[in-house]
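Okay, upload.cif now, which holds mmCIF, C-alpha atoms:
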```
data_data
#
loop_
_atom_site.label_atom_id
_atom_site.label_comp_id
_atom_site.auth_asym_id
_atom_site.auth_seq_id
_atom_site.Cartn_x
_atom_site.Cartn_y
_atom_site.Cartn_z
CA MET A 1327 47.32 132.26 61.48
CA THR A 1328 50.36 131.06 63.43
CA PRO A 1329 49.42 130.72 67.08
CA LEU A 1330 51.48 132.66 69.60
CA SER A 1331 53.54 130.51 71.90
CA THR A 1332 52.83 130.51 75.62
CA ASP A 1333 56.34 131.89 76.14
CA GLU A 1334 55.62 134.89 73.94
CA ILE A 1335 52.43 135.62 75.84
CA ALA A 1336 54.17 135.13 79.18
CA ALA A 1337 56.80 137.65 78.04
CA SER A 1338 54.02 140.13 77.21
CA VAL A 1339 52.57 139.67 80.65
CA ARG A 1340 55.99 140.37 82.17
CA ASP A 1341 56.21 143.56 80.12
CA LEU A 1342 52.77 144.80 81.17
CA PRO A 1343 52.90 148.37 82.39
CA ALA A 1344 52.52 148.34 86.13
CA LEU A 1345 49.38 149.65 87.75
CA PRO A 1346 49.96 152.48 90.22
CA ALA A 1347 51.84 151.24 93.29
CA VAL A 1348 48.95 151.90 95.63
CA VAL A 1349 46.59 149.83 93.43
CA MET A 1350 49.10 146.97 93.38
CA GLU A 1351 49.34 147.13 97.15
CA LEU A 1352 45.57 147.08 97.43
CA ILE A 1353 45.32 144.06 95.14
CA GLN A 1354 48.07 142.17 96.92
CA SER A 1355 46.47 142.80 100.30
CA ILE A 1356 43.20 141.07 99.36
CA GLY A 1357 42.75 138.09 101.61
CA ASP A 1358 45.61 139.22 103.85
CA ALA A 1359 44.13 139.66 107.30
CA ASN A 1360 47.30 141.35 108.53
CA ALA A 1361 47.40 144.06 105.87
CA ASN A 1362 47.74 147.53 107.31
CA ALA A 1363 44.50 148.87 105.90
CA GLU A 1364 44.86 152.17 107.71
CA LEU A 1365 48.13 152.81 105.93
CA LEU A 1366 46.52 151.82 102.62
CA ALA A 1367 43.70 154.30 103.24
CA THR A 1368 46.28 157.03 103.79
CA LYS A 1369 48.02 156.09 100.54
CA ILE A 1370 44.69 156.16 98.66
CA SER A 1371 44.04 159.66 99.91
CA HIS A 1372 47.42 160.77 98.58
CA ASP A 1373 46.51 159.70 95.03
CA GLN A 1374 44.10 162.45 93.95
CA ALA A 1375 42.57 160.68 90.94
CA LEU A 1376 42.13 157.41 92.78
CA ALA A 1377 40.69 159.13 95.84
CA ALA A 1378 38.20 161.09 93.72
CA LYS A 1379 36.92 157.98 91.93
CA THR A 1380 36.82 156.03 95.18
CA LEU A 1381 34.67 158.72 96.78
CA ARG A 1382 32.40 158.83 93.73
CA LEU A 1383 31.70 155.12 94.06
CA ALA A 1384 31.37 155.35 97.85
CA ASN A 1385 28.76 158.10 97.37
CA SER A 1386 26.84 156.25 94.64
CA SER A 1387 23.53 154.65 95.49
CA PHE A 1388 25.35 151.28 95.54
CA TYR A 1389 26.43 151.85 99.14
CA GLY A 1390 23.28 153.72 100.14
CA LEU A 1391 24.99 156.15 102.50
CA SER A 1392 22.63 158.55 104.20
CA ARG A 1393 25.01 161.46 103.73
CA ARG A 1394 27.76 162.38 101.34
CA VAL A 1395 31.30 161.46 102.36
CA THR A 1396 33.99 163.92 101.36
CA SER A 1397 37.24 162.31 102.43
CA ILE A 1398 38.83 158.87 102.38
CA SER A 1399 39.13 158.89 106.17
CA GLU A 1400 35.39 159.64 106.49
CA ALA A 1401 34.56 156.89 103.97
CA THR A 1402 36.77 154.49 105.95
CA ALA A 1403 35.01 155.33 109.20
CA ILE A 1404 31.56 154.76 107.71
CA LEU A 1405 32.12 151.86 105.30
CA GLY A 1406 34.96 150.05 107.04
CA LEU A 1407 38.46 149.44 105.81
CA ARG A 1408 37.71 146.22 103.90
CA THR A 1409 34.95 147.79 101.84
CA LEU A 1410 36.99 150.91 101.20
CA ARG A 1411 39.85 148.72 99.96
CA SER A 1412 37.44 146.94 97.61
CA ILE A 1413 36.09 150.25 96.25
CA ALA A 1414 39.54 151.75 95.74
CA THR A 1415 40.77 148.57 94.04
CA ALA A 1416 37.83 148.76 91.63
CA ALA A 1417 38.52 152.42 90.91
CA GLY A 1418 42.24 151.75 90.38
CA LEU A 1419 41.70 148.72 88.14
CA VAL A 1420 39.19 150.39 85.85
CA SER A 1421 41.41 153.46 85.48
CA GLY A 1422 44.53 151.31 85.00
CA PHE A 1423 43.67 150.18 81.48
CA SER A 1424 42.94 152.40 78.54
CA ASP A 1425 40.82 151.61 75.52
CA ALA A 1426 42.75 149.77 72.80
CA ALA A 1427 42.33 150.24 69.07
CA CYS A 1428 40.97 146.76 68.42
CA LYS A 1429 38.23 146.37 65.85
CA GLY A 1430 35.20 144.67 67.32
CA PHE A 1431 36.25 145.10 70.95
CA HIS A 1432 33.99 147.36 73.00
CA PHE A 1433 35.81 148.70 76.03
CA ASP A 1434 32.70 150.02 77.81
CA ALA A 1435 30.81 146.79 77.17
CA PHE A 1436 33.77 144.88 78.61
CA TRP A 1437 33.55 146.86 81.86
CA ARG A 1438 29.74 146.74 81.97
CA HIS A 1439 30.00 142.94 81.95
CA ALA A 1440 32.87 142.95 84.48
CA ILE A 1441 30.89 145.22 86.82
CA GLY A 1442 27.81 143.01 86.38
CA THR A 1443 29.87 139.95 87.28
CA ALA A 1444 31.32 141.78 90.29
CA LEU A 1445 27.82 142.67 91.53
CA CYS A 1446 26.51 139.13 91.00
CA ALA A 1447 29.60 137.73 92.77
CA ARG A 1448 29.15 140.10 95.71
CA SER A 1449 25.48 139.26 96.05
CA LEU A 1450 26.14 135.52 95.74
CA ALA A 1451 28.91 135.79 98.36
CA GLN A 1452 26.44 137.47 100.70
CA ALA A 1453 24.00 134.56 100.26
CA LEU A 1454 26.76 131.96 100.64
CA ARG A 1455 28.47 133.74 103.58
CA LEU A 1456 31.73 134.25 101.70
CA ASP A 1457 33.89 137.38 101.59
CA GLU A 1458 31.73 139.90 99.68
CA ASP A 1459 34.45 142.44 99.03
CA ALA A 1460 36.90 139.85 97.70
CA ALA A 1461 34.12 138.42 95.50
CA PHE A 1462 33.39 141.89 94.09
CA THR A 1463 37.05 142.49 93.19
CA LEU A 1464 37.40 139.02 91.70
CA GLY A 1465 34.32 139.55 89.54
CA LEU A 1466 35.69 142.84 88.31
CA MET A 1467 39.00 141.25 87.33
CA HIS A 1468 37.86 137.88 86.03
CA ASP A 1469 38.34 138.73 82.33
CA ILE A 1470 41.51 140.78 82.79
CA GLY A 1471 43.28 138.39 80.41
CA ARG A 1472 41.10 139.77 77.61
CA LEU A 1473 42.32 143.30 78.31
CA VAL A 1474 45.92 142.11 78.20
CA LEU A 1475 45.42 140.29 74.89
CA VAL A 1476 43.52 143.24 73.41
CA SER A 1477 46.10 145.81 74.48
CA ARG A 1478 49.20 143.76 73.52
CA TYR A 1479 47.85 142.15 70.34
CA PRO A 1480 44.99 144.33 69.04
CA GLN A 1481 45.13 143.05 65.45
CA ARG A 1482 45.30 139.42 66.42
CA TYR A 1483 42.46 139.94 68.90
CA ALA A 1484 40.43 141.62 66.16
CA ALA A 1485 41.00 138.48 64.08
CA ALA A 1486 39.76 136.35 66.99
CA LEU A 1487 36.61 138.48 67.21
CA ALA A 1488 36.10 138.28 63.44
CA TYR A 1489 36.38 134.49 63.67
CA ARG A 1490 33.87 134.52 66.51
CA GLY A 1491 31.51 136.55 64.32
CA GLU A 1492 31.84 134.00 61.51
CA VAL A 1493 31.28 130.83 63.50
CA ASP A 1494 29.32 132.31 66.47
CA CYS A 1495 31.36 130.50 69.11
CA VAL A 1496 32.17 131.42 72.72
CA VAL A 1497 34.94 133.99 73.13
CA SER A 1498 37.41 131.48 74.62
CA ASP A 1499 37.20 129.25 71.51
CA ALA A 1500 37.88 132.24 69.25
CA GLU A 1501 40.86 133.24 71.39
CA ARG A 1502 42.30 129.73 71.21
CA PHE A 1503 41.88 129.87 67.41
CA ALA A 1504 44.00 133.05 67.22
CA PHE A 1505 46.32 132.68 70.22
CA ASP A 1506 46.41 129.01 71.16
CA THR A 1507 45.44 130.14 74.65
CA ASP A 1508 42.51 131.97 76.19
CA HIS A 1509 41.81 134.93 78.45
CA ALA A 1510 41.37 132.75 81.53
CA SER A 1511 44.91 131.34 81.24
CA VAL A 1512 46.38 134.74 80.44
CA GLY A 1513 44.43 136.38 83.28
CA ALA A 1514 45.79 133.77 85.70
CA MET A 1515 49.35 134.55 84.54
CA VAL A 1516 48.71 138.25 85.17
CA VAL A 1517 47.32 137.88 88.66
CA GLU A 1518 50.01 135.37 89.56
CA ARG A 1519 52.58 137.93 88.50
CA TRP A 1520 50.77 140.47 90.68
CA HIS A 1521 51.21 138.07 93.62
CA PHE A 1522 47.55 137.40 94.19
CA ALA A 1523 46.48 134.72 96.63
CA PRO A 1524 46.53 131.23 95.01
CA SER A 1525 42.73 130.92 95.45
CA VAL A 1526 42.26 134.07 93.33
CA VAL A 1527 44.65 132.80 90.63
CA ALA A 1528 42.76 129.49 90.53
CA ALA A 1529 39.38 131.23 90.30
CA ILE A 1530 40.49 133.35 87.33
CA ALA A 1531 42.20 130.38 85.64
CA ARG A 1532 39.15 128.14 85.90
CA HIS A 1533 36.24 130.56 85.74
CA HIS A 1534 35.03 128.88 82.54
CA ALA A 1535 35.98 125.35 83.62
CA PRO A 1536 35.47 124.57 87.30
CA GLN A 1537 36.69 121.12 88.26
CA ALA A 1538 34.03 118.44 88.21
CA ASP A 1539 35.03 116.75 91.42
CA ALA A 1540 36.73 119.34 93.62
CA GLU A 1541 34.90 121.98 95.57
CA GLU A 1542 36.55 125.37 95.24
CA SER A 1543 34.02 127.88 96.45
CA LEU A 1544 35.62 130.93 94.81
CA VAL A 1545 35.90 129.17 91.43
CA ASP A 1546 32.28 128.00 91.60
CA LEU A 1547 31.06 131.41 92.73
CA LEU A 1548 32.92 133.28 89.97
CA HIS A 1549 31.82 130.79 87.31
CA VAL A 1550 28.15 131.18 88.22
CA ALA A 1551 28.41 134.98 88.67
CA ASP A 1552 29.93 135.30 85.18
CA ASN A 1553 27.16 133.13 83.72
CA MET A 1554 24.49 135.20 85.49
CA ALA A 1555 25.95 138.50 84.26
CA HIS A 1556 25.84 137.21 80.67
CA ALA A 1557 22.30 135.90 81.17
CA LEU A 1558 21.17 139.28 82.53
CA ASP A 1559 22.46 140.90 79.32
CA LEU A 1560 24.44 143.52 81.22
CA SER A 1561 27.06 144.17 78.54
CA HIS A 1562 24.28 145.41 76.19
CA LEU A 1563 26.13 143.71 73.32
CA ALA A 1564 23.75 142.41 70.68
CA ASP A 1565 25.88 139.30 70.07
CA ASP A 1566 26.56 138.45 73.72
CA MET A 1567 26.42 134.73 74.48
CA VAL A 1568 26.01 132.87 77.78
CA PRO A 1569 28.96 130.45 78.02
CA PRO A 1570 28.46 126.81 79.06
CA LEU A 1571 27.44 126.39 82.71
CA SER A 1572 29.17 123.69 84.77
CA MET A 1573 26.38 121.70 86.41
CA ALA A 1574 28.92 120.41 88.97
CA ALA A 1575 29.66 123.97 90.13
CA TRP A 1576 25.98 124.94 89.98
CA SER A 1577 24.96 121.95 92.10
CA ARG A 1578 27.69 122.57 94.67
CA LEU A 1579 26.45 126.12 95.27
CA ALA A 1580 22.91 124.73 95.76
CA LEU A 1581 21.24 128.04 94.94
CA THR A 1582 17.48 128.23 95.21
CA GLU A 1583 15.48 130.19 92.67
CA SER A 1584 14.55 132.79 95.28
CA VAL A 1585 18.22 133.40 96.08
CA CYS A 1586 18.98 133.75 92.37
CA VAL A 1587 16.14 136.24 91.93
CA GLN A 1588 17.52 138.28 94.85
CA VAL A 1589 20.92 138.29 93.13
CA PHE A 1590 19.34 139.38 89.81
CA ARG A 1591 17.38 142.19 91.47
CA ALA A 1592 20.29 143.45 93.57
CA THR A 1593 22.62 143.38 90.57
CA GLU A 1594 20.27 145.15 88.19
CA SER A 1595 19.31 147.80 90.72
CA GLN A 1596 22.98 148.69 91.35
CA HIS A 1597 24.52 148.20 87.92
CA ASP A 1598 23.84 151.64 86.44
CA ALA A 1599 25.07 153.50 89.52
CA VAL A 1600 28.33 151.54 89.71
CA CYS A 1601 28.95 151.84 85.95
CA GLN A 1602 28.37 155.56 86.16
CA ALA A 1603 30.72 155.95 89.13
CA LEU A 1604 33.51 153.86 87.60
CA LEU A 1605 33.26 154.45 83.86
CA THR A 1606 32.73 158.20 83.59
CA MET B 529 8.63 171.54 84.52
CA GLN B 530 9.54 171.18 80.82
CA THR B 531 8.64 174.22 78.76
CA THR B 532 8.50 174.94 75.08
CA THR B 533 8.34 178.15 73.06
CA THR B 534 5.61 178.06 70.47
CA SER B 535 4.11 180.47 67.96
CA LEU B 536 0.58 181.67 68.68
CA ASP B 537 -0.63 179.93 65.55
CA ALA B 538 0.58 176.59 66.86
CA VAL B 539 -0.74 176.85 70.43
CA GLU B 540 -2.65 173.70 71.25
CA ASP B 541 -5.93 173.55 73.11
CA ALA B 542 -5.54 173.67 76.91
CA ALA B 543 -1.91 174.78 76.71
CA VAL B 544 -0.85 176.56 79.92
CA LEU B 545 1.47 179.55 80.00
CA ALA B 546 4.78 178.64 81.62
CA GLU B 547 5.99 182.26 81.59
CA PRO B 548 4.03 185.51 81.85
CA VAL B 549 3.25 187.41 78.63
CA CYS B 550 4.08 191.13 78.61
CA ASP B 551 3.65 193.78 75.96
CA ASP B 552 6.46 195.87 74.49
CA HIS B 553 6.31 198.22 77.47
CA GLY B 554 6.73 195.43 79.95
CA GLN B 555 3.12 195.54 81.06
CA LEU B 556 1.78 192.16 82.14
CA LEU B 557 -0.85 190.83 79.77
CA LEU B 558 -1.29 187.32 81.14
CA PRO B 559 0.38 185.71 84.19
CA ALA B 560 2.14 182.33 84.10
CA GLY B 561 -0.24 179.47 84.74
CA THR B 562 -3.05 180.88 82.57
CA PRO B 563 -4.76 178.24 80.44
CA LEU B 564 -4.88 179.60 76.89
CA THR B 565 -8.30 179.75 75.27
CA GLU B 566 -9.11 180.66 71.67
CA SER B 567 -10.27 184.15 72.71
CA LEU B 568 -7.10 184.80 74.78
CA VAL B 569 -4.94 183.72 71.84
CA ALA B 570 -6.89 186.08 69.54
CA SER B 571 -6.45 188.91 72.06
CA LEU B 572 -2.68 188.31 72.29
CA ARG B 573 -2.42 188.24 68.50
CA LYS B 574 -4.16 191.68 68.32
CA ARG B 575 -1.53 193.06 70.70
CA GLY B 576 1.27 191.89 68.41
CA VAL B 577 2.41 188.90 70.46
CA LEU B 578 3.99 186.29 68.21
CA THR B 579 5.22 183.55 70.56
CA VAL B 580 4.48 182.29 74.06
CA VAL B 581 6.25 179.91 76.44
CA VAL B 582 3.95 177.10 77.48
CA ALA B 583 4.32 174.00 79.61
CA ALA B 584 5.36 171.13 77.39
CA ALA B 585 2.69 168.51 76.96
CA PRO B 586 3.45 165.63 79.31
CA VAL B 587 4.93 162.65 77.54
CA PRO B 588 2.21 160.02 77.55
CA PRO B 589 3.31 156.89 79.41
CA GLU B 590 4.41 154.12 77.12
CA PRO B 591 1.47 151.85 76.62
CA ALA B 592 1.90 148.64 78.58
CA MET B 593 3.18 146.01 76.22
CA ASP B 594 0.79 143.26 75.40
CA PRO B 595 1.75 140.29 77.64
CA LEU B 596 2.10 137.96 74.67
CA ALA B 597 4.30 140.43 72.82
CA ARG B 598 6.43 140.91 75.94
CA GLN B 599 6.80 137.17 76.38
CA ALA B 600 7.80 136.81 72.73
CA ARG B 601 10.42 139.56 73.12
CA VAL B 602 11.85 137.98 76.29
CA ASP B 603 11.85 134.50 74.73
CA GLY B 604 13.60 135.80 71.62
CA ARG B 605 16.39 137.51 73.55
CA MET B 606 16.83 134.56 75.92
CA LYS B 607 17.10 132.13 73.02
CA HIS B 608 19.73 134.36 71.45
CA LEU B 609 21.77 134.75 74.65
CA PHE B 610 21.56 131.03 75.46
CA ARG B 611 22.11 129.89 71.85
CA HIS B 612 25.24 127.96 72.82
CA ALA B 613 23.39 125.86 75.40
CA LEU B 614 20.40 125.40 73.11
CA SER B 615 22.47 124.34 70.11
CA THR B 616 24.70 121.94 72.03
CA GLY B 617 22.07 120.49 74.34
CA HIS B 618 23.88 121.73 77.47
CA VAL B 619 21.55 122.18 80.42
CA ASN B 620 21.50 125.67 81.91
CA PRO B 621 18.91 126.29 84.64
CA LEU B 622 19.54 130.03 84.35
CA LEU B 623 17.72 130.08 81.00
CA HIS B 624 14.37 129.40 82.64
CA MET B 625 15.13 131.31 85.85
CA VAL B 626 16.10 134.51 84.05
CA SER B 627 13.16 134.16 81.62
CA ARG B 628 10.70 133.88 84.52
CA TYR B 629 12.41 136.77 86.30
CA ARG B 630 12.17 138.95 83.19
CA LEU B 631 8.47 138.27 82.81
CA GLU B 632 7.71 138.83 86.49
CA ASP B 633 10.00 141.86 86.99
CA PRO B 634 9.82 143.68 83.67
CA GLN B 635 12.46 146.41 83.30
#
```

Could you rewrite the structure in this file as structure tokens?
Amino acid sequence: MTPLSTDEIAASVRDLPALPAVVMELIQSIGDANANAELLATKISHDQALAAKTLRLANSSFYGLSRRVTSISEATAILGLRTLRSIATAAGLVSGFSDAACKGFHFDAFWRHAIGTALCARSLAQALRLDEDAAFTLGLMHDIGRLVLVSRYPQRYAAALAYRGEVDCVVSDAERFAFDTDHASVGAMVVERWHFAPSVVAAIARHHAPQADAEESLVDLLHVADNMAHALDLSHLADDMVPPLSMAAWSRLALTESVCVQVFRATESQHDAVCQALLT
Amino acid sequence: MQTTTTSLDAVEDAAVLAEPVCDDHGQLLLPAGTPLTESLVASLRKRGVLTVVVAAAPVPPEPAMDPLARQARVDGRMKHLFRHALSTGHVNPLLHMVSRYRLEDPQ
């Protein structure tokens, strides 16, 4: 199979259908302390589908609200603008891609893993005193390059998955066999095009290969969260495989076993509720 | 409460009526909550009753899995998930952490 050139893939990324404007604004405002979150909340409430899904997630057991919220402004008052932005971004992202006809690719399993990674990332961020909402969004988007490859090149991606089935390798190796690139590189191109903060682009680009000698807390956090979500078997895919863990990143986070167990418990107790709110 | 409609011939011992049984004229024969005995079933049959609605038998709790069998199941799945690390010799502390967690916090 002739590999696709990086230019061809970059052109595909440029041609990606845009997510709804309000979702793009939400994504671009992550990490921007000056973003007008109140205005964003108003825009969310004007998008009926987005507002409905946002409220469904806000009312799920994940956020443990003592009473049901019925409007975006009420959700904002109770949860805070940052959390609301994170919830609406999740709702917008999951709705922004539709299932592709690609043999061997399981759309729901993809999102179950992404949501698992998001929950692990959020819980790890809590333990490490990093931005929990940004970690959640990053976890949800970390494999977005796969969705782009699957939706733009379904047959070629099916060939990558068939190759993976034959040799039982990690997904990135199979992608490089069929595309000469992998989902981490493509995902970084996508989020760069969406004008994400450089730290987010770096985290997505290197989530399978954190640098050995440079501490980048978001990269390390995402790498370990992804590994944990695979290890917890959250995709429910029979042939799931835990990718290689960078011991440099693991050591830098200095996680104790009791912290890890807290992350496992929190993630597993919330996973079904978040999947139900976002995927149905 | 889960209920099930069953023929009189198939009523099990100690089944409890979930709905009252009335005759063709609407007259109450037995109220809901009555435990059905052999003689009551025979009496209903004489009055032409064919089926009754009873409380479904509670689903027995799944027997606790034998600890060794549970450990074998967890070990098997962990080895499969971590097959890349195990086949290449890469160290992954999560293998042991998640295995211990699975055995201590069974789902």

Compute the chain B side of the contact with chain A at 8 Å, counting only C-alpha atoms, and hand it back as a ChimeraX atom specification. /B:606,608-613,618-620,622-623,625-626,629

Exactly which residues make up the result of the PyMOL selection byres ((chain A and resi 1577) around 12) on this file, given as a ChimeraX atom specification? /A:1536,1538-1539,1541,1543,1546-1547,1550,1571-1576,1578-1582 /B:620-621

One decimal place gives the atom CA of A:Arg1408-atom CA of A:Arg1532 separation as 25.6 Å

Residue with smallest distance to B:Asp603 - pool B:Leu631, B:Val577, B:Ala583, B:Ala542, counting all atoms listed in the file: B:Leu631

Could you expand the PyMOL selection byres ((chain B and resi 594-602) around 9) into the explicit residues it covers here, written as a ChimeraX atom specification? /B:591-593,603-607,627,630-631,634

How would you write, as a ChimeraX atom specification, the residues chosen by the PyMOL selection byres ((chain A and resi 1507-1522) around 9) on this structure? /A:1329-1332,1335-1336,1339-1340,1342,1350,1353-1357,1467-1475,1497-1506,1523-1534

Coordinates-based distance that separates atom CA of A:Lys1429 from atom CA of A:Gln1481 (Å, one decimal):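 Here the two named atoms are 7.7 Å from each other.
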
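A straight line drawn from atom CA of A:Ala1363 to atom CA of A:Ile1413 is 12.9 Å long.
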
Which neighbours of A:Tyr1389 fall inside 9 Å, counting only C-alpha atoms, when residues of the same chain fewer than 5 positions from it are skipped, and could you give them as a short mmCIF file (atom, residue, chain, number, x, y, z; two decimals) with C-alpha atoms, in the frame of the given file?
```
data_model
loop_
_atom_site.label_atom_id
_atom_site.label_comp_id
_atom_site.auth_asym_id
_atom_site.auth_seq_id
_atom_site.Cartn_x
_atom_site.Cartn_y
_atom_site.Cartn_z
CA LEU A 1383 31.70 155.12 94.06
CA ALA A 1384 31.37 155.35 97.85
CA LEU A 1405 32.12 151.86 105.30
#
```

B:Leu564 environment, 9 Å, only C-alpha atoms, sequence neighbours closer than 4 positions dropped, as a VMD selection string: chain B and resid 539 to 545 568 to 569

Identify, on the basis of all atoms listed in the file, every residue whose closest approach to A:Thr1443 does not exceed 6 Å; exclude the query and any residue fewer than 4 positions from it along the same chain; express the result as a PDB file with C-alpha atoms, in the coordinates of the input.
```pdb
ATOM      1  CA  ALA A1447      29.600 137.730  92.770  1.00  0.00           C
ATOM      2  CA  GLY A1465      34.320 139.550  89.540  1.00  0.00           C
ATOM      3  CA  ALA A1551      28.410 134.980  88.670  1.00  0.00           C
ATOM      4  CA  ASP A1552      29.930 135.300  85.180  1.00  0.00           C
ATOM      5  CA  ALA A1555      25.950 138.500  84.260  1.00  0.00           C
TER       6      ALA A1555
END
```

With only C-alpha atoms as the atoms that count, which of A:Ala1484, A:Leu1464, A:Val1476, A:Gly1442 lies nearest to A:Thr1593?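 Ranking A:Ala1484, A:Leu1464, A:Val1476, A:Gly1442 by distance to A:Thr1593, first place goes to A:Gly1442.
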
Nearest to A:Tyr1489 among A:Gly1430, A:Ala1347, A:Leu1366, A:Ser1371, with distances taken over all atoms listed in the file: which residue is it? A:Gly1430

Residues within 10 Å of A:Ser1477, please, as a PyMOL selection string. Count only C-alpha atoms; anything in the same chain fewer than 5 positions from it doesn't count. chain A and resi 1342+1423-1428+1471-1472+1483

May I have the residues within 12 Å of A:Gln1374 as a PyMOL selection string, using all atoms listed in the file and disregarding those fewer than 6 positions away in the same chain? chain A and resi 1348+1368+1380-1381+1397-1398+1414+1417-1418

Name the closest residue to B:Glu547 among the candidates B:Thr532, B:Ser571, B:Ser615, B:Val581; distances are taken between atoms, counting only C-alpha atoms.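 For B:Glu547, the nearest of the candidates is B:Val581.
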
Using the partial input, fill out stretch 539-553 of chain B with N, CA and C atoms; write the result as a PDB file, in the frame of the given file.
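Heads up, here's the output in result.pdb:
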```pdb
ATOM      1  N   VAL B 539      -0.368 177.177  69.043  1.00  0.00           N
ATOM      2  CA  VAL B 539      -0.740 176.850  70.430  1.00  0.00           C
ATOM      3  C   VAL B 539      -1.861 175.805  70.431  1.00  0.00           C
ATOM      4  N   GLU B 540      -1.636 174.773  71.227  1.00  0.00           N
ATOM      5  CA  GLU B 540      -2.650 173.700  71.250  1.00  0.00           C
ATOM      6  C   GLU B 540      -3.715 174.008  72.292  1.00  0.00           C
ATOM      7  N   ASP B 541      -4.843 173.382  72.143  1.00  0.00           N
ATOM      8  CA  ASP B 541      -5.930 173.550  73.110  1.00  0.00           C
ATOM      9  C   ASP B 541      -5.425 173.184  74.500  1.00  0.00           C
ATOM     10  N   ALA B 542      -5.849 173.941  75.502  1.00  0.00           N
ATOM     11  CA  ALA B 542      -5.540 173.670  76.910  1.00  0.00           C
ATOM     12  C   ALA B 542      -4.076 173.844  77.258  1.00  0.00           C
ATOM     13  N   ALA B 543      -3.307 174.493  76.363  1.00  0.00           N
ATOM     14  CA  ALA B 543      -1.910 174.780  76.710  1.00  0.00           C
ATOM     15  C   ALA B 543      -1.899 175.790  77.863  1.00  0.00           C
ATOM     16  N   VAL B 544      -0.921 175.676  78.748  1.00  0.00           N
ATOM     17  CA  VAL B 544      -0.850 176.560  79.920  1.00  0.00           C
ATOM     18  C   VAL B 544       0.432 177.378  79.836  1.00  0.00           C
ATOM     19  N   LEU B 545       0.290 178.677  80.070  1.00  0.00           N
ATOM     20  CA  LEU B 545       1.470 179.550  80.000  1.00  0.00           C
ATOM     21  C   LEU B 545       2.481 179.147  81.069  1.00  0.00           C
ATOM     22  N   ALA B 546       3.733 178.954  80.652  1.00  0.00           N
ATOM     23  CA  ALA B 546       4.780 178.640  81.620  1.00  0.00           C
ATOM     24  C   ALA B 546       5.473 179.921  82.061  1.00  0.00           C
ATOM     25  N   GLU B 547       5.396 180.959  81.233  1.00  0.00           N
ATOM     26  CA  GLU B 547       5.990 182.260  81.590  1.00  0.00           C
ATOM     27  C   GLU B 547       4.958 183.344  81.304  1.00  0.00           C
ATOM     28  N   PRO B 548       5.001 184.437  82.085  1.00  0.00           N
ATOM     29  CA  PRO B 548       4.030 185.510  81.850  1.00  0.00           C
ATOM     30  C   PRO B 548       4.239 186.130  80.458  1.00  0.00           C
ATOM     31  N   VAL B 549       3.150 186.716  79.912  1.00  0.00           N
ATOM     32  CA  VAL B 549       3.250 187.410  78.630  1.00  0.00           C
ATOM     33  C   VAL B 549       3.124 188.909  78.905  1.00  0.00           C
ATOM     34  N   CYS B 550       4.104 189.676  78.413  1.00  0.00           N
ATOM     35  CA  CYS B 550       4.080 191.130  78.610  1.00  0.00           C
ATOM     36  C   CYS B 550       4.061 191.813  77.244  1.00  0.00           C
ATOM     37  N   ASP B 551       3.590 193.041  77.224  1.00  0.00           N
ATOM     38  CA  ASP B 551       3.650 193.780  75.960  1.00  0.00           C
ATOM     39  C   ASP B 551       5.013 194.460  75.822  1.00  0.00           C
ATOM     40  N   ASP B 552       5.156 195.252  74.757  1.00  0.00           N
ATOM     41  CA  ASP B 552       6.460 195.870  74.490  1.00  0.00           C
ATOM     42  C   ASP B 552       6.910 196.813  75.600  1.00  0.00           C
ATOM     43  N   HIS B 553       5.968 197.291  76.393  1.00  0.00           N
ATOM     44  CA  HIS B 553       6.310 198.220  77.470  1.00  0.00           C
ATOM     45  C   HIS B 553       6.543 197.495  78.790  1.00  0.00           C
TER      46      HIS B 553
END
```
